[in-house]
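Below is one structure, written out as structure tokens, with a few remarks after it.
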Amino acid sequence: MSSSVTPESSTIKIVVAGGNYAGLNAMQHLYSSLLANDPKTAASPRPNVEITLIDRRDGFIHCIGLTRGLTEPEFGADLWVQYSTVSWLQHPSIRIVLGTVAEITADKVLLSNGDSFGFDYLLIALGLSRFAPIGLRSSTKAEYIEEIAESHALIQSAQSVAIVGGGAVGLELAADIKSDFPEKQVTLIHSRALPVPGPFKDEFRHMVVDILQEIGVDVVLGERVVAQTPESGDMSYGRTKHSPMPETVGTMSSNAELTLASGRTIRADLAIRCLGTLNKCDLLQLPLAADIFGDDGIAVKDTMQIDSEHYPNIYACGDICSRALVKLAGVGMYGAYIAARNISRSVLATGKLEDGDRYPSQLMLLLGKDHFALQLGDEIWEKERTREHVHKDMGLLKCVEVMSLHKEPEYVSLD
């Protein structure tokens, strides 16, 4: 189902709420379809279009590398690419607004500072919220460099570190700390019998445990932390009526004592809790589509339109969607590609919207510099086969290239 098209003489307003993997990739494909010059005509297909990117950060952050960015701040500094350095984002029909989305209605996006932006088409790419230090409070690169330096100092000064949570972030953080600081006592605590939640095989989970133990991480499984002294900020999150942005709330506690359900206590110079994410569906005020918002995100069609006939001009992609069981950067980028092409098709009136493909669940874990594990669908890959897809920079250059951050995107026809 295509949405209505604004007359050729009118300026069509497209808003992309949220940047990073999904939002920025959508911007690239909107540019390619609507603003890049067609070689045949030496003009853009749709000059009367205004594309606004709303992001609380002034750049792209390669989140995949953040755990290593905390242990190696020089590496971490390169993970942030400022929008001001991306040439095509300076196009006169593109506007970048730095701000935090407070509410989304059927016809506008409201920011926490009171500004609002109307739209003809909206793409929601707000992602998920995480507590610090993986969730970043910074809005500028300079602030970010200071932020990771603060976290690094705490990690560097600790002789013992306890990581609570056996999801991807906790596993990779434990591995990066032990790999960069082999003399430290690093303990990973997970409440279930095996780590790695999601649709993965126990064989894969055992492989991950074996790798962690091989590099020297003490893995404690089947033990839930029932008390921690002192508490970290995330432990009291939500107890007050107006909770702060999760990224401003810390999960690190110095000189911590953790009590497990069995009665065992673990003392650590530094405890870091890595216990999941928070979705942002409560920002959406779309009463005619209330049933499409759940704990796992927004339900979307294969076209990446939100799954409601009442709002055909509103799309969503990335981690805020319930489309994928496992939230991955690549899945978000692909959804953004489909959404951007379909918005462009509607703007240019070039016919039927296209459906995106669905891919099997997958997970690659980068466990320090020399160890990794990959399950794709039902297949667990061997180490040497996986090695071919592992990059020393944790995929930063690949993302920069794919999203054209250092080059001009070429025109793409939708005919």
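Each chain in the structure tokens gets a letter, A, B and so on, in the order shown; residues start at 1 in every chain, and ligands are counted from 1 in the order they appear.
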Would you mind listing what lies within 12 Å of segment 41-51 of chain A as a ChimeraX atom specification, with only C-alpha atoms counted and same-chain residues fewer than 3 positions away left out?
-> /A:5-17,23-24,26-38,54,89-97,117-123,340,343-350,410-415
Do you have, as a Markdown table, the list of residues of segment 150-237 of chain A lying at most 10 Å from segment 317-326 of chain A, each with its nearest atom pair and that distance in Å to one decimal, counting only C-alpha atoms and ordered by chain then number?
```
| residue | atom | partner | partner_atom | distance |
| --- | --- | --- | --- | --- |
| A:Pro197 | CA | A:Val326 | CA | 9.3 |
| A:Gly198 | CA | A:Val326 | CA | 7.0 |
| A:Pro199 | CA | A:Leu325 | CA | 7.7 |
```
Report as CSV the residues of segment 52-78 of chain A within 12 Å of segment 177-195 of chain A, each with its shortest atom pair and distance in Å (one decimal), using only C-alpha atoms, ordered by chain and increasing residue number.
```
residue,atom,partner,partner_atom,distance
A:Leu66,CA,A:Ile177,CA,12.0
A:Thr67,CA,A:Ile177,CA,8.5
A:Arg68,CA,A:Ile177,CA,7.9
A:Gly69,CA,A:Ile177,CA,10.5
A:Leu70,CA,A:Ile177,CA,8.6
A:Thr71,CA,A:Ile177,CA,6.2
A:Glu72,CA,A:Asp180,CA,8.0
A:Pro73,CA,A:Asp180,CA,11.6
```
Would you please give, as a ChimeraX atom specification, all residues of segment 135-209 of chain A that DSSP assigns to alpha helix (DSSP H) based on the backbone?
-> /A:141-157,168-180,202-209
May I have the selected residues written with C-alpha atoms, as a PDB file, in the first residue's frame?
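Full text of out06.pdb as output:
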```pdb
ATOM      1  CA  LYS A 141      32.682  13.601  19.995  1.00  0.00           C
ATOM      2  CA  ALA A 142      34.645  15.647  22.534  1.00  0.00           C
ATOM      3  CA  GLU A 143      32.245  14.609  25.304  1.00  0.00           C
ATOM      4  CA  TYR A 144      32.426  11.003  24.122  1.00  0.00           C
ATOM      5  CA  ILE A 145      36.222  10.893  24.305  1.00  0.00           C
ATOM      6  CA  GLU A 146      36.042  12.174  27.888  1.00  0.00           C
ATOM      7  CA  GLU A 147      33.311   9.656  28.728  1.00  0.00           C
ATOM      8  CA  ILE A 148      35.198   6.579  27.556  1.00  0.00           C
ATOM      9  CA  ALA A 149      38.362   7.884  29.231  1.00  0.00           C
ATOM     10  CA  GLU A 150      36.492   7.991  32.564  1.00  0.00           C
ATOM     11  CA  SER A 151      35.278   4.404  32.143  1.00  0.00           C
ATOM     12  CA  HIS A 152      38.716   3.248  31.028  1.00  0.00           C
ATOM     13  CA  ALA A 153      40.324   4.773  34.116  1.00  0.00           C
ATOM     14  CA  LEU A 154      37.993   2.787  36.374  1.00  0.00           C
ATOM     15  CA  ILE A 155      38.718  -0.445  34.508  1.00  0.00           C
ATOM     16  CA  GLN A 156      42.465   0.187  34.398  1.00  0.00           C
ATOM     17  CA  SER A 157      42.740   0.885  38.124  1.00  0.00           C
ATOM     18  CA  ALA A 168      26.576 -10.317  23.951  1.00  0.00           C
ATOM     19  CA  VAL A 169      27.718  -7.093  25.646  1.00  0.00           C
ATOM     20  CA  GLY A 170      28.704  -8.744  28.915  1.00  0.00           C
ATOM     21  CA  LEU A 171      30.559 -11.537  27.142  1.00  0.00           C
ATOM     22  CA  GLU A 172      32.499  -9.218  24.849  1.00  0.00           C
ATOM     23  CA  LEU A 173      33.306  -6.768  27.638  1.00  0.00           C
ATOM     24  CA  ALA A 174      34.637  -9.541  29.878  1.00  0.00           C
ATOM     25  CA  ALA A 175      36.759 -10.863  27.014  1.00  0.00           C
ATOM     26  CA  ASP A 176      38.118  -7.430  26.072  1.00  0.00           C
ATOM     27  CA  ILE A 177      39.059  -6.600  29.658  1.00  0.00           C
ATOM     28  CA  LYS A 178      40.831  -9.930  30.152  1.00  0.00           C
ATOM     29  CA  SER A 179      42.571  -9.703  26.771  1.00  0.00           C
ATOM     30  CA  ASP A 180      43.869  -6.166  27.329  1.00  0.00           C
ATOM     31  CA  ASP A 202      23.622 -24.980  23.449  1.00  0.00           C
ATOM     32  CA  GLU A 203      26.639 -26.146  21.438  1.00  0.00           C
ATOM     33  CA  PHE A 204      27.262 -22.513  20.509  1.00  0.00           C
ATOM     34  CA  ARG A 205      26.813 -21.410  24.115  1.00  0.00           C
ATOM     35  CA  HIS A 206      29.281 -24.041  25.342  1.00  0.00           C
ATOM     36  CA  MET A 207      31.754 -22.852  22.701  1.00  0.00           C
ATOM     37  CA  VAL A 208      31.531 -19.334  24.107  1.00  0.00           C
ATOM     38  CA  VAL A 209      32.075 -20.543  27.682  1.00  0.00           C
TER      39      VAL A 209
END
```
Between A:Ile292, A:Cys281, A:Ala22, A:Met235, which has the minimum distance to Val101 of chain A (counting only C-alpha atoms)?
-> A:Cys281
Out of A:Lys407, A:Lys327, A:Arg224, A:Arg341, which residue has the shortest atom-to-atom distance to Leu128 of chain A when counting only C-alpha atoms?
->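 Looking at the shortest contact to Leu128 of chain A, the residue is A:Lys327.
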So, counting only C-alpha atoms, which residue among A:Leu260, A:Leu353, A:Ile298, A:Ala132 is closest to Gly276 of chain A?
->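 For Gly276 of chain A, the nearest of the given residues is A:Ala132.
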Show which residues sit within 10 Å of Asp357 of chain A, as a list in words. Count only C-alpha atoms, and ignore same-chain residues fewer than 3 positions away.
->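 Selected residues are Asp302, Thr303, Tyr334, Gly335, Ile338 and Glu354 of chain A.
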Produce a file of the selected residues containing C-alpha atoms, as a tab-separated table (two decimals), in the first residue's frame.
```tsv
chain	number	residue	atom	x	y	z
A	302	ASP	CA	7.64	-6.24	5.19
A	303	THR	CA	7.67	-2.78	3.58
A	334	TYR	CA	18.89	-3.49	5.70
A	335	GLY	CA	15.51	-2.41	7.07
A	338	ILE	CA	14.00	-0.94	2.32
A	354	GLU	CA	8.85	-3.41	-2.20
```
Mind the document's chain letters and residue numbers, and return as a PyMOL selection string the residues of segment 127-350 of chain A that DSSP labels strand (DSSP E or B).
-> chain A and resi 129+132+160-164+185-190+218-221+225-229+250+252-260+265-273+278+284+293-294+297-298+300+305-306+314-316+321
Generate a file of the selected residues that holds N, CA and C atoms, formatted as a compact mmCIF listing (two decimals), in the first residue's frame.
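Writing the result to selection36.txt gives the following:
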```txt
# COMPACT_ATOMS: atom_id res chain seq x y z
N SER A 129 17.53 1.89 24.32
CA SER A 129 18.34 2.58 25.33
C SER A 129 19.13 1.55 26.14
N ALA A 132 24.74 3.38 30.93
CA ALA A 132 26.18 3.61 30.77
C ALA A 132 26.95 2.46 31.45
N SER A 160 40.43 -6.39 40.12
CA SER A 160 39.41 -7.43 39.91
C SER A 160 38.15 -6.77 39.37
N VAL A 161 37.55 -7.41 38.37
CA VAL A 161 36.36 -6.88 37.72
C VAL A 161 35.31 -7.98 37.64
N ALA A 162 34.09 -7.67 38.05
CA ALA A 162 32.97 -8.61 37.93
C ALA A 162 31.98 -8.06 36.92
N ILE A 163 31.67 -8.86 35.92
CA ILE A 163 30.68 -8.50 34.91
C ILE A 163 29.41 -9.29 35.19
N VAL A 164 28.29 -8.60 35.34
CA VAL A 164 27.02 -9.27 35.62
C VAL A 164 26.19 -9.25 34.34
N GLN A 185 41.82 -10.11 37.57
CA GLN A 185 40.84 -11.16 37.83
C GLN A 185 39.51 -10.70 37.24
N VAL A 186 39.03 -11.39 36.22
CA VAL A 186 37.77 -11.03 35.56
C VAL A 186 36.77 -12.16 35.76
N THR A 187 35.62 -11.83 36.33
CA THR A 187 34.58 -12.81 36.61
C THR A 187 33.31 -12.43 35.86
N LEU A 188 32.74 -13.38 35.15
CA LEU A 188 31.45 -13.18 34.48
C LEU A 188 30.38 -13.96 35.23
N ILE A 189 29.32 -13.29 35.64
CA ILE A 189 28.23 -13.93 36.39
C ILE A 189 26.97 -13.89 35.54
N HIS A 190 26.35 -15.06 35.36
CA HIS A 190 25.11 -15.12 34.56
C HIS A 190 24.10 -16.00 35.28
N ASP A 218 36.86 -16.11 34.70
CA ASP A 218 36.16 -17.00 35.63
C ASP A 218 34.66 -16.90 35.34
N VAL A 219 34.06 -17.97 34.85
CA VAL A 219 32.66 -17.95 34.43
C VAL A 219 31.80 -18.60 35.52
N VAL A 220 30.88 -17.82 36.06
CA VAL A 220 29.97 -18.31 37.11
C VAL A 220 28.57 -18.36 36.50
N LEU A 221 28.03 -19.57 36.33
CA LEU A 221 26.74 -19.75 35.67
C LEU A 221 25.70 -20.27 36.66
N VAL A 225 22.51 -12.60 40.91
CA VAL A 225 22.92 -11.61 41.90
C VAL A 225 21.67 -11.08 42.58
N VAL A 226 21.55 -11.29 43.89
CA VAL A 226 20.36 -10.85 44.62
C VAL A 226 20.60 -9.57 45.41
N ALA A 227 21.86 -9.21 45.58
CA ALA A 227 22.17 -7.96 46.28
C ALA A 227 23.55 -7.49 45.86
N GLN A 228 23.70 -6.18 45.86
CA GLN A 228 25.00 -5.60 45.52
C GLN A 228 25.22 -4.35 46.37
N THR A 229 26.40 -4.26 46.95
CA THR A 229 26.77 -3.10 47.75
C THR A 229 28.13 -2.57 47.28
N GLY A 250 24.60 5.12 35.45
CA GLY A 250 25.74 4.21 35.42
C GLY A 250 25.44 2.82 35.93
N MET A 252 28.36 0.93 36.81
CA MET A 252 29.65 0.58 37.40
C MET A 252 29.67 0.93 38.88
N SER A 253 30.18 0.01 39.69
CA SER A 253 30.32 0.25 41.13
C SER A 253 31.71 -0.17 41.57
N SER A 254 32.40 0.73 42.26
CA SER A 254 33.73 0.42 42.77
C SER A 254 33.63 -0.24 44.15
N ASN A 255 34.61 -1.10 44.44
CA ASN A 255 34.67 -1.80 45.73
C ASN A 255 33.34 -2.47 46.05
N ALA A 256 32.91 -3.31 45.13
CA ALA A 256 31.57 -3.90 45.22
C ALA A 256 31.60 -5.29 45.87
N GLU A 257 30.52 -5.57 46.57
CA GLU A 257 30.28 -6.92 47.09
C GLU A 257 28.97 -7.41 46.51
N LEU A 258 29.02 -8.54 45.82
CA LEU A 258 27.83 -9.10 45.18
C LEU A 258 27.43 -10.38 45.91
N THR A 259 26.17 -10.45 46.27
CA THR A 259 25.63 -11.63 46.93
C THR A 259 24.81 -12.42 45.93
N LEU A 260 25.12 -13.71 45.78
CA LEU A 260 24.42 -14.57 44.84
C LEU A 260 23.30 -15.32 45.54
N THR A 265 29.33 -14.95 48.08
CA THR A 265 29.63 -13.54 47.85
C THR A 265 30.88 -13.41 46.98
N ILE A 266 30.84 -12.43 46.11
CA ILE A 266 31.98 -12.12 45.25
C ILE A 266 32.34 -10.66 45.45
N ARG A 267 33.59 -10.42 45.78
CA ARG A 267 34.06 -9.04 45.94
C ARG A 267 34.90 -8.66 44.72
N ALA A 268 34.71 -7.43 44.26
CA ALA A 268 35.44 -6.96 43.09
C ALA A 268 35.75 -5.48 43.24
N ASP A 269 36.93 -5.09 42.76
CA ASP A 269 37.27 -3.67 42.76
C ASP A 269 36.30 -2.88 41.89
N LEU A 270 35.76 -3.55 40.87
CA LEU A 270 34.81 -2.90 39.98
C LEU A 270 33.77 -3.91 39.52
N ALA A 271 32.50 -3.57 39.67
CA ALA A 271 31.40 -4.39 39.14
C ALA A 271 30.72 -3.60 38.02
N ILE A 272 30.42 -4.30 36.92
CA ILE A 272 29.74 -3.68 35.79
C ILE A 272 28.55 -4.55 35.42
N ARG A 273 27.36 -3.97 35.46
CA ARG A 273 26.14 -4.71 35.14
C ARG A 273 25.79 -4.51 33.66
N LEU A 278 16.28 -1.07 27.09
CA LEU A 278 14.93 -0.51 27.28
C LEU A 278 14.44 -0.01 25.94
N LEU A 284 5.89 7.09 21.38
CA LEU A 284 4.96 7.16 20.26
C LEU A 284 3.53 7.32 20.75
N PHE A 293 2.54 -1.90 19.51
CA PHE A 293 3.70 -1.62 20.35
C PHE A 293 3.79 -2.66 21.46
N GLY A 294 4.93 -3.32 21.55
CA GLY A 294 5.12 -4.34 22.57
C GLY A 294 6.48 -4.23 23.23
N GLY A 297 9.24 -4.12 20.80
CA GLY A 297 9.32 -3.02 19.85
C GLY A 297 8.07 -2.85 19.02
N ILE A 298 8.22 -2.13 17.90
CA ILE A 298 7.11 -1.79 17.01
C ILE A 298 6.95 -2.88 15.96
N VAL A 300 6.14 -4.09 12.38
CA VAL A 300 6.20 -3.46 11.06
C VAL A 300 5.85 -4.48 9.98
N GLN A 305 6.80 -0.23 6.78
CA GLN A 305 5.77 0.65 7.34
C GLN A 305 5.33 0.07 8.67
N ILE A 306 4.96 0.92 9.63
CA ILE A 306 4.44 0.37 10.86
C ILE A 306 3.15 -0.37 10.54
N ILE A 314 4.25 6.35 7.95
CA ILE A 314 5.20 6.21 9.05
C ILE A 314 5.88 4.85 8.97
N TYR A 315 7.20 4.87 8.95
CA TYR A 315 8.02 3.67 8.85
C TYR A 315 8.87 3.52 10.11
N ALA A 316 9.39 2.33 10.32
CA ALA A 316 10.30 2.11 11.44
C ALA A 316 11.31 1.04 11.05
N CYS A 321 12.28 -1.97 16.23
CA CYS A 321 11.28 -2.86 15.62
C CYS A 321 11.26 -4.22 16.31
```
Interatomic distance, atom CA of Ala290 of chain A to atom CA of Glu103 of chain A (Å, one decimal) = 14.4 Å
For Asn20 of chain A, list every protein, DNA or RNA residue within 10 Å, evaluated using only C-alpha atoms, and leave out those in the same chain fewer than 4 positions away; present the list as a short mmCIF file (atom, residue, chain, number, x, y, z; two decimals) with C-alpha atoms, in the first residue's frame.
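Result written to around11.cif:
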```
data_model
loop_
_atom_site.label_atom_id
_atom_site.label_comp_id
_atom_site.auth_asym_id
_atom_site.auth_seq_id
_atom_site.Cartn_x
_atom_site.Cartn_y
_atom_site.Cartn_z
CA LEU A 24 22.14 7.12 8.82
CA ASN A 25 21.86 4.30 6.29
CA ALA A 26 18.32 5.47 5.53
CA ASP A 55 19.79 12.74 16.46
CA ARG A 57 24.56 12.90 18.82
CA GLY A 59 27.88 11.81 14.62
CA PHE A 60 27.79 8.10 13.92
CA ILE A 61 29.10 5.80 16.66
CA HIS A 62 30.23 2.27 15.79
CA CYS A 63 28.63 0.61 18.81
CA ALA A 125 15.08 4.71 13.88
CA LEU A 126 15.50 5.48 17.58
CA GLY A 127 17.07 2.17 18.55
CA GLY A 318 16.40 -1.03 13.43
CA ALA A 329 23.37 -3.56 13.12
CA GLY A 332 18.79 -2.43 11.06
CA MET A 333 20.76 -1.20 8.06
CA MET A 403 27.22 4.03 4.56
#
```
Which residue, A:Gln362, A:Thr248, A:Thr105, A:Gln159, has the smallest gap to Arg130 of chain A when you use only C-alpha atoms?
-> A:Thr248
Nearest to Ala339 of chain A by atom-to-atom distance, counting only C-alpha atoms, from A:Thr52, A:Asn313, A:Ser116, A:Ser361 = A:Asn313
